[in-house]
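Just below is one structure, and these are the notes that go with it.
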Amino acid sequence: MQIKHEFPRQVREIEHLQIPLKDGTMLAARVWLPADAEQHSVPAILEYLPYRKVDGTAVRDALTHPYLAGHGYACVRVDIRGNGESDGLMLDEYLQQEQDDALEVIDWISRQPWCDGNLGMMGISWGGFNSLQLAARRPKPLKAIITICSTDDRYADDVHFKGGNLLLENLGWAATMLSFSAAVPDPRLVGDDWQAMWKHRLENMPLLAKPWIEHSTRDAYWQHGSICENYEDIEAAVYCVGGWGDAYRNTPVRMMEHLKCPKKALIGPWIHKYPHFAIPDPAIGFLQEALRWWDHWLKGIDTGIMDEPECTFYLQEAQPPSAMTAYRSGDWVQTDGWPASQVEPLSFSLTDNGLQQGEHALNYPSSICSPLTTGVHGGEYCAIWFGPDFPTDQRRDDALSLCFDSTPLNEPLPLLGNPRIALRGSVDQDCGQVTVRLSDVAPDGCATLISYGTLNLALRNDPAVLEPPVPGEEMDFEVQLDNIGYKVPAGHRLRVAIATAHFPLLWPSPKLTTLSLVPGQQHLTLPVYRGESIDNPFQPPESAQPVNMEQLRESSPKRTITEDVASGEVCVRVDDDMGTYRFLDHGLWVEQKATEEYRTRPEDPDATQADIHWLYRAGRDDWEVRVESELHLACDEQHFYLSARQQAWLDGDLFNDKSWEYRIPRLAQ
């Protein structure tokens with residue numbers, strides 16, 4: 001990435017600015033401005049997050065916001081109430097309070113002498129979510145947004161549920177937020193009140209895993225903040241960005257299909273990061289692309305960006321599976337919106353002889369009862385920490401699944417969109433989950449995961465309506481696989497692997513379940529891209545100067561799988577050690593590391609449990625804080641058993657100690 005040191009306009013930074021709300025709450029902001037903005041006002045770009053501007057997002061903020069400010073924008077990075085140096089408490093994600101506060105922030109920014117009244121929002125993940133949610137509220141100054149790695153449907157495509165099944169990432173993220181929300185307000189900025197602010201947060205800390213597990217169907221809790229409830233609420237222009245290595249890859253194409261506002265979409269090969277510093281490469285000149293977008297919508301400059309095709313996608317070349325890769329070969333393609341005329345359906349039938357093109361029948365019933373340890377080679381649900389999180393060779397999980405292979409392909413098969421599979425079968429219990437994996441099988445037998453989908457059979461017809469399957473009764477259901485851009489080479493085979501477990505991606509069903517596919521039509525439909533590739537349409541990545549910091553201890557992410565051969569218990573352990581670093585401009589040092597352990601046994605759903613531990617330490621020469629957060633989840637057939645504890649120390653003395661313990665009925669899960 002090319003580091004830029006000079007820009008068309010000089011940049012002035014306001015490190016800490018307080019934005020007043022009507023209820024007396026003060027929200028903390030960091031602002032980058034053109035130096036002469038108060039004499040020559042400019043449009044503003046808001047990023048609104050709970051992750052602490054002083055340290056949590058400081059590294060990426062330094063790359064991004066000064067760059068945009070140097071090209072004539074006021075960039076305002078605001079901490080949501082109850083986080084960083086902002087007053088108040090944050091009790092859950094995406095609450096009405098969060099949106100209402102943001103409306104006040106937008107109004108306040110639009111009235112500042114350095115703002116010309118035009119405003120955009122930009123953000124990744126949480127900031128991408130609330131950019132969409134605020135656009136749906138239609139504040140007058142908000143003209144456009146860039147939403148990255150986000151979702152339009154909080155139930156279908158977030159870290160909580162997938163296909164109606166409880167994600168273990170639900171627990172991982174709850175534990176992450178338990179630790180993140182316990183970070184200390186910076187005494188240098190808030191003064192003598194910092195201990196009282198911190199104590200208030202710790203004493204009122206919510207355990208977010210509780211409501212996230214309790215609301216197991218797509219009820220009003222998840223409908224709130226899901227802009228898919230009415231896409232027409234959004235009138236501001238939307239640029240939706242994602243990555244094939246990210247969990248939110250379904251959102252861009254779905255929004256291109258349903259949004260009525262001006263819109264564009266981009267999906268590259270990346271994990272859950274901004275595209276100018278994401279991996280795998282090729283990273284792109286995202287900031288230059290963002291400037292073209294902002295110049296068009298906030299300054300009225302004809303940059304040509306809206307004359308180009310609406311959608312730009314990266315079609316990845318096949319490569320052997322690897323837990324992490326630095327570069328992903330492929331080609332760029334463009335479509336005029338979605339659904340795309342260049343994408344055609346290709347049908348395969350699941351037969352006694354594998355996958356066959358066209359209309360064929362399964363003549364004999366096929367059954368599978370996967371060990372609950374199936375799926376351990378599926379990788380991380382959402383790759384975010386630059387660790388070894390990608391799926392590895394699928395053959396070991398395929399051996400525990402019902403597999404259908406095609407014959408070797410005569411020509412390359414470029415896929416763009418979401419595969420789907422229509423099945424008819426029955427289960428022997430009043431519950432069950434189905435996971436379908438689509439893999440690319442090389443001539444040497446190596447199986448690379450292309451895409452996957454899951455379905456809770458109790459929610460097969462409607463994610464809001466619980467309909468437990470009747471044991472032995474045949475039912476039709478469809479599993480939608482995640483969107484993908486992938487080219488299967490000639491000579492390779494396609495494989496569909498069907499399993500009744502996918503651990504540790506999903507919490508297992510309450511009972512060990514056998515799925516039986518009945519004779520008849522069982523169809524896989526693939527989206528085949530028939531268009532041409534283009535030259536890379538983006539400039540090389542650029543950024544502003546990186547933050548001035550030193551690494552005191554290197555990060556060391558790790559993922560291990562162990563098996564107790566006596567009990568059959570499998571443990572997947574994820575170590576997200578982010579190291580220790582110091583910001584040289586203001587002296588704050590921070591250490592963060594997490595350990596996640598997920599365990600289950602092949603035939604005992606009640607043996608499943610999750611244990612997550614987070615350590616957060618921070619300080620300067622005259623003070624030090626430490627917070628240890630622990631979360632545990634276990635189950636039996638009728639209930640989940642959720643417990644947690646958080647202890648905080650100040651200068652070695654116990655400062656706060658809080659515990660939670662809940663028994664939660666298992667309804668849809």
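We name chains A, B, ... following the order of the structure tokens; residues begin at 1 in each chain, and ligands are numbered from 1 as shown.
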A:Leu512 environment, 9 Å, only C-alpha atoms, sequence neighbours closer than 6 positions dropped, as a ChimeraX atom specification: /A:369-372,429,431-432,500,603-605
Residues near stretch 307-319 of chain A, cut-off 6 Å, only C-alpha atoms, skip fewer than 6 positions along chain, as a list of chain:residue names: A:Lys264, A:Ala265, A:Leu266, A:Ile267, A:Gly268, A:Ser329, A:Gly330, A:Asp331, A:Trp332, A:Val333, A:Gln334, A:Thr335, A:Asp336, A:Gly337, A:Gly485, A:Tyr486, A:Lys487
Convert the current residue selection to file output with N, CA, C and O atoms, as a short mmCIF file (atom, residue, chain, number, x, y, z; two decimals), in the first residue's frame.
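Saved to selection_3.cif:
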```
data_model
loop_
_atom_site.label_atom_id
_atom_site.label_comp_id
_atom_site.auth_asym_id
_atom_site.auth_seq_id
_atom_site.Cartn_x
_atom_site.Cartn_y
_atom_site.Cartn_z
N LYS A 264 -24.74 0.76 -5.63
CA LYS A 264 -23.64 0.03 -6.25
C LYS A 264 -23.21 -1.07 -5.29
O LYS A 264 -23.44 -0.99 -4.08
N ALA A 265 -22.55 -2.12 -5.84
CA ALA A 265 -22.06 -3.22 -5.01
C ALA A 265 -20.67 -3.63 -5.47
O ALA A 265 -20.33 -3.54 -6.66
N LEU A 266 -19.87 -4.09 -4.50
CA LEU A 266 -18.51 -4.55 -4.76
C LEU A 266 -18.22 -5.71 -3.82
O LEU A 266 -18.45 -5.60 -2.61
N ILE A 267 -17.75 -6.83 -4.36
CA ILE A 267 -17.29 -7.95 -3.53
C ILE A 267 -15.93 -8.40 -4.06
O ILE A 267 -15.79 -8.77 -5.23
N GLY A 268 -14.93 -8.38 -3.17
CA GLY A 268 -13.60 -8.86 -3.49
C GLY A 268 -13.30 -10.15 -2.75
O GLY A 268 -14.19 -10.76 -2.15
N SER A 329 -5.77 -15.56 -6.52
CA SER A 329 -5.85 -15.28 -7.95
C SER A 329 -7.31 -15.23 -8.40
O SER A 329 -8.17 -15.89 -7.83
N GLY A 330 -7.55 -14.45 -9.44
CA GLY A 330 -8.91 -14.36 -9.96
C GLY A 330 -9.05 -13.27 -10.99
O GLY A 330 -8.06 -12.64 -11.41
N ASP A 331 -10.28 -13.04 -11.42
CA ASP A 331 -10.61 -12.03 -12.42
C ASP A 331 -11.76 -11.17 -11.92
O ASP A 331 -12.66 -11.65 -11.21
N TRP A 332 -11.75 -9.91 -12.34
CA TRP A 332 -12.86 -9.02 -12.04
C TRP A 332 -13.92 -9.13 -13.12
O TRP A 332 -13.60 -9.27 -14.31
N VAL A 333 -15.18 -9.06 -12.70
CA VAL A 333 -16.30 -9.05 -13.63
C VAL A 333 -17.29 -7.98 -13.17
O VAL A 333 -17.28 -7.58 -11.99
N GLN A 334 -18.13 -7.51 -14.08
CA GLN A 334 -19.13 -6.51 -13.74
C GLN A 334 -20.48 -6.90 -14.32
O GLN A 334 -20.56 -7.54 -15.37
N THR A 335 -21.54 -6.53 -13.58
CA THR A 335 -22.90 -6.79 -14.05
C THR A 335 -23.72 -5.52 -13.88
O THR A 335 -23.45 -4.69 -13.00
N ASP A 336 -24.73 -5.40 -14.71
CA ASP A 336 -25.66 -4.27 -14.60
C ASP A 336 -26.76 -4.63 -13.61
O ASP A 336 -27.88 -4.98 -13.99
N GLY A 337 -26.41 -4.57 -12.34
CA GLY A 337 -27.39 -4.87 -11.30
C GLY A 337 -27.48 -6.35 -11.02
O GLY A 337 -26.69 -7.17 -11.50
N GLY A 485 -18.19 -16.27 -5.64
CA GLY A 485 -17.60 -16.04 -6.96
C GLY A 485 -16.41 -16.96 -7.08
O GLY A 485 -15.38 -16.74 -6.42
N TYR A 486 -16.51 -18.02 -7.89
CA TYR A 486 -15.50 -19.07 -7.88
C TYR A 486 -15.51 -19.78 -9.23
O TYR A 486 -16.58 -20.10 -9.76
N LYS A 487 -14.31 -20.08 -9.75
CA LYS A 487 -14.18 -20.78 -11.03
C LYS A 487 -13.67 -22.20 -10.79
O LYS A 487 -12.54 -22.40 -10.34
#
```
Backbone DSSP call of alpha helix (DSSP H) for stretch 261-365 of chain A, listed as a ChimeraX atom specification: /A:286-299
Find the residues near A:Trp114: any atom within 7 Å, counting only C-alpha atoms, skip ones fewer than 2 places away on the same chain, and give them as a PDB file with N, CA, C and O atoms, in the first residue's frame.
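Output contents, as saved in result_21.pdb:
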```pdb
ATOM      1  N   ALA A  37     -11.452  24.533   6.835  1.00  0.00           N
ATOM      2  CA  ALA A  37     -12.857  24.152   6.690  1.00  0.00           C
ATOM      3  C   ALA A  37     -13.810  25.163   7.320  1.00  0.00           C
ATOM      4  O   ALA A  37     -14.933  25.342   6.842  1.00  0.00           O
ATOM      5  N   GLU A  38     -13.380  25.851   8.378  1.00  0.00           N
ATOM      6  CA  GLU A  38     -14.283  26.817   8.986  1.00  0.00           C
ATOM      7  C   GLU A  38     -14.467  28.055   8.108  1.00  0.00           C
ATOM      8  O   GLU A  38     -15.465  28.768   8.242  1.00  0.00           O
ATOM      9  N   SER A  41     -16.458  25.690   4.165  1.00  0.00           N
ATOM     10  CA  SER A  41     -17.092  24.499   4.728  1.00  0.00           C
ATOM     11  C   SER A  41     -17.117  23.349   3.716  1.00  0.00           C
ATOM     12  O   SER A  41     -17.098  23.555   2.499  1.00  0.00           O
ATOM     13  N   VAL A  42     -17.161  22.120   4.242  1.00  0.00           N
ATOM     14  CA  VAL A  42     -17.052  20.908   3.432  1.00  0.00           C
ATOM     15  C   VAL A  42     -18.118  19.909   3.867  1.00  0.00           C
ATOM     16  O   VAL A  42     -18.679  20.007   4.960  1.00  0.00           O
ATOM     17  N   GLN A 112     -22.462  22.606  12.113  1.00  0.00           N
ATOM     18  CA  GLN A 112     -21.149  23.150  12.482  1.00  0.00           C
ATOM     19  C   GLN A 112     -20.617  24.056  11.370  1.00  0.00           C
ATOM     20  O   GLN A 112     -20.910  23.836  10.184  1.00  0.00           O
ATOM     21  N   ASP A 116     -20.848  21.869   5.392  1.00  0.00           N
ATOM     22  CA  ASP A 116     -21.728  22.580   4.456  1.00  0.00           C
ATOM     23  C   ASP A 116     -23.160  22.050   4.469  1.00  0.00           C
ATOM     24  O   ASP A 116     -23.982  22.456   3.639  1.00  0.00           O
TER      25      ASP A 116
END
```
Between atom CA of A:Cys240 and atom CA of A:Tyr48, distance in Å (one decimal): 17.0 Å
Option closest in space to A:Phe655, from A:Leu416, A:Ala458, A:Ala182, A:Leu517 [counting only C-alpha atoms]: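 Counting only C-alpha atoms, the residue closest to A:Phe655 is A:Ala182.
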Any idea what's packed within 10 Å of A:Ala501, counting only C-alpha atoms, ignoring anything in its chain fewer than 3 positions away? Could you give it as a PDB file with C-alpha atoms, in the first residue's frame?
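Generated file (selection_4.pdb):
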```
ATOM      1  CA  CYS A 369     -26.697 -39.485  10.867  1.00  0.00           C
ATOM      2  CA  SER A 370     -23.521 -37.439  11.141  1.00  0.00           C
ATOM      3  CA  PRO A 371     -21.426 -37.559  14.294  1.00  0.00           C
ATOM      4  CA  LEU A 372     -21.855 -34.253  16.117  1.00  0.00           C
ATOM      5  CA  THR A 373     -18.133 -33.625  15.610  1.00  0.00           C
ATOM      6  CA  THR A 374     -18.684 -33.235  11.860  1.00  0.00           C
ATOM      7  CA  GLY A 375     -17.615 -29.859  10.475  1.00  0.00           C
ATOM      8  CA  LEU A 400     -19.025 -38.214   7.872  1.00  0.00           C
ATOM      9  CA  SER A 401     -21.527 -36.878   5.336  1.00  0.00           C
ATOM     10  CA  GLY A 432     -32.862 -31.599  13.178  1.00  0.00           C
ATOM     11  CA  GLN A 433     -30.437 -29.477  11.244  1.00  0.00           C
ATOM     12  CA  VAL A 434     -29.062 -29.928   7.750  1.00  0.00           C
ATOM     13  CA  THR A 435     -25.816 -28.510   6.385  1.00  0.00           C
ATOM     14  CA  VAL A 436     -25.006 -28.678   2.684  1.00  0.00           C
ATOM     15  CA  THR A 454     -27.554 -24.618   6.793  1.00  0.00           C
ATOM     16  CA  ILE A 498     -25.010 -33.320   3.261  1.00  0.00           C
ATOM     17  CA  PRO A 504     -18.319 -25.712  15.899  1.00  0.00           C
ATOM     18  CA  LEU A 505     -20.153 -23.499  13.432  1.00  0.00           C
ATOM     19  CA  LEU A 506     -23.552 -24.575  14.817  1.00  0.00           C
ATOM     20  CA  TRP A 507     -24.761 -25.683  18.231  1.00  0.00           C
ATOM     21  CA  PRO A 508     -26.013 -29.270  17.705  1.00  0.00           C
ATOM     22  CA  SER A 509     -29.701 -30.188  17.709  1.00  0.00           C
ATOM     23  CA  LEU A 512     -29.087 -37.062  17.481  1.00  0.00           C
ATOM     24  CA  THR A 513     -31.002 -37.104  14.204  1.00  0.00           C
ATOM     25  CA  PRO A 602     -19.997 -37.720  18.478  1.00  0.00           C
TER      26      PRO A 602
END
```
Top pick for closest residue to A:Gln223, considering A:Phe286, A:Tyr155, A:Trp194, A:Tyr51 and counting only C-alpha atoms: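 For A:Gln223, the nearest of the candidates is A:Tyr155.
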Separation of atom CA of A:Trp244 from atom CA of A:Ile271 in Å: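 Atom-to-atom, atom CA of A:Ile271 to atom CA of A:Trp244, that is 7.0 Å.
Closest approach to A:Leu642 among A:Ala278, A:Ala28, A:Leu171, A:Ala326 is made by A:Leu171 (distances from only C-alpha atoms).
Taking atom CA of A:Cys115 and atom CA of A:Leu63 as endpoints, the distance between them is 22.0 Å.
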Spatial neighbours of A:Ala74, 6 Å, only C-alpha atoms, chain gap at least 4 places, as an MDAnalysis selection string: chainID A and resid 32:33 44 69
Residue neighbourhood stretch 577-581 of chain A, 9 Å, only C-alpha atoms, exclusion window fewer than 4 positions, as a PyMOL selection string: chain A and resi 385+549-558+588-595+617
Nearest to A:Phe503 by atom-to-atom distance, counting only C-alpha atoms, from A:Asp622, A:Asp576, A:Glu169, A:Asp186: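 Comparing A:Asp622, A:Asp576, A:Glu169, A:Asp186 against A:Phe503, the winner is A:Glu169.
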DSSP strand (DSSP E) selection over stretch 338-516 of chain A, as a PyMOL selection string: chain A and resi 343-351+354-357+366-368+402-405+413-417+420-427+433-441+447-456+475-480+484-488+493-499+515-516
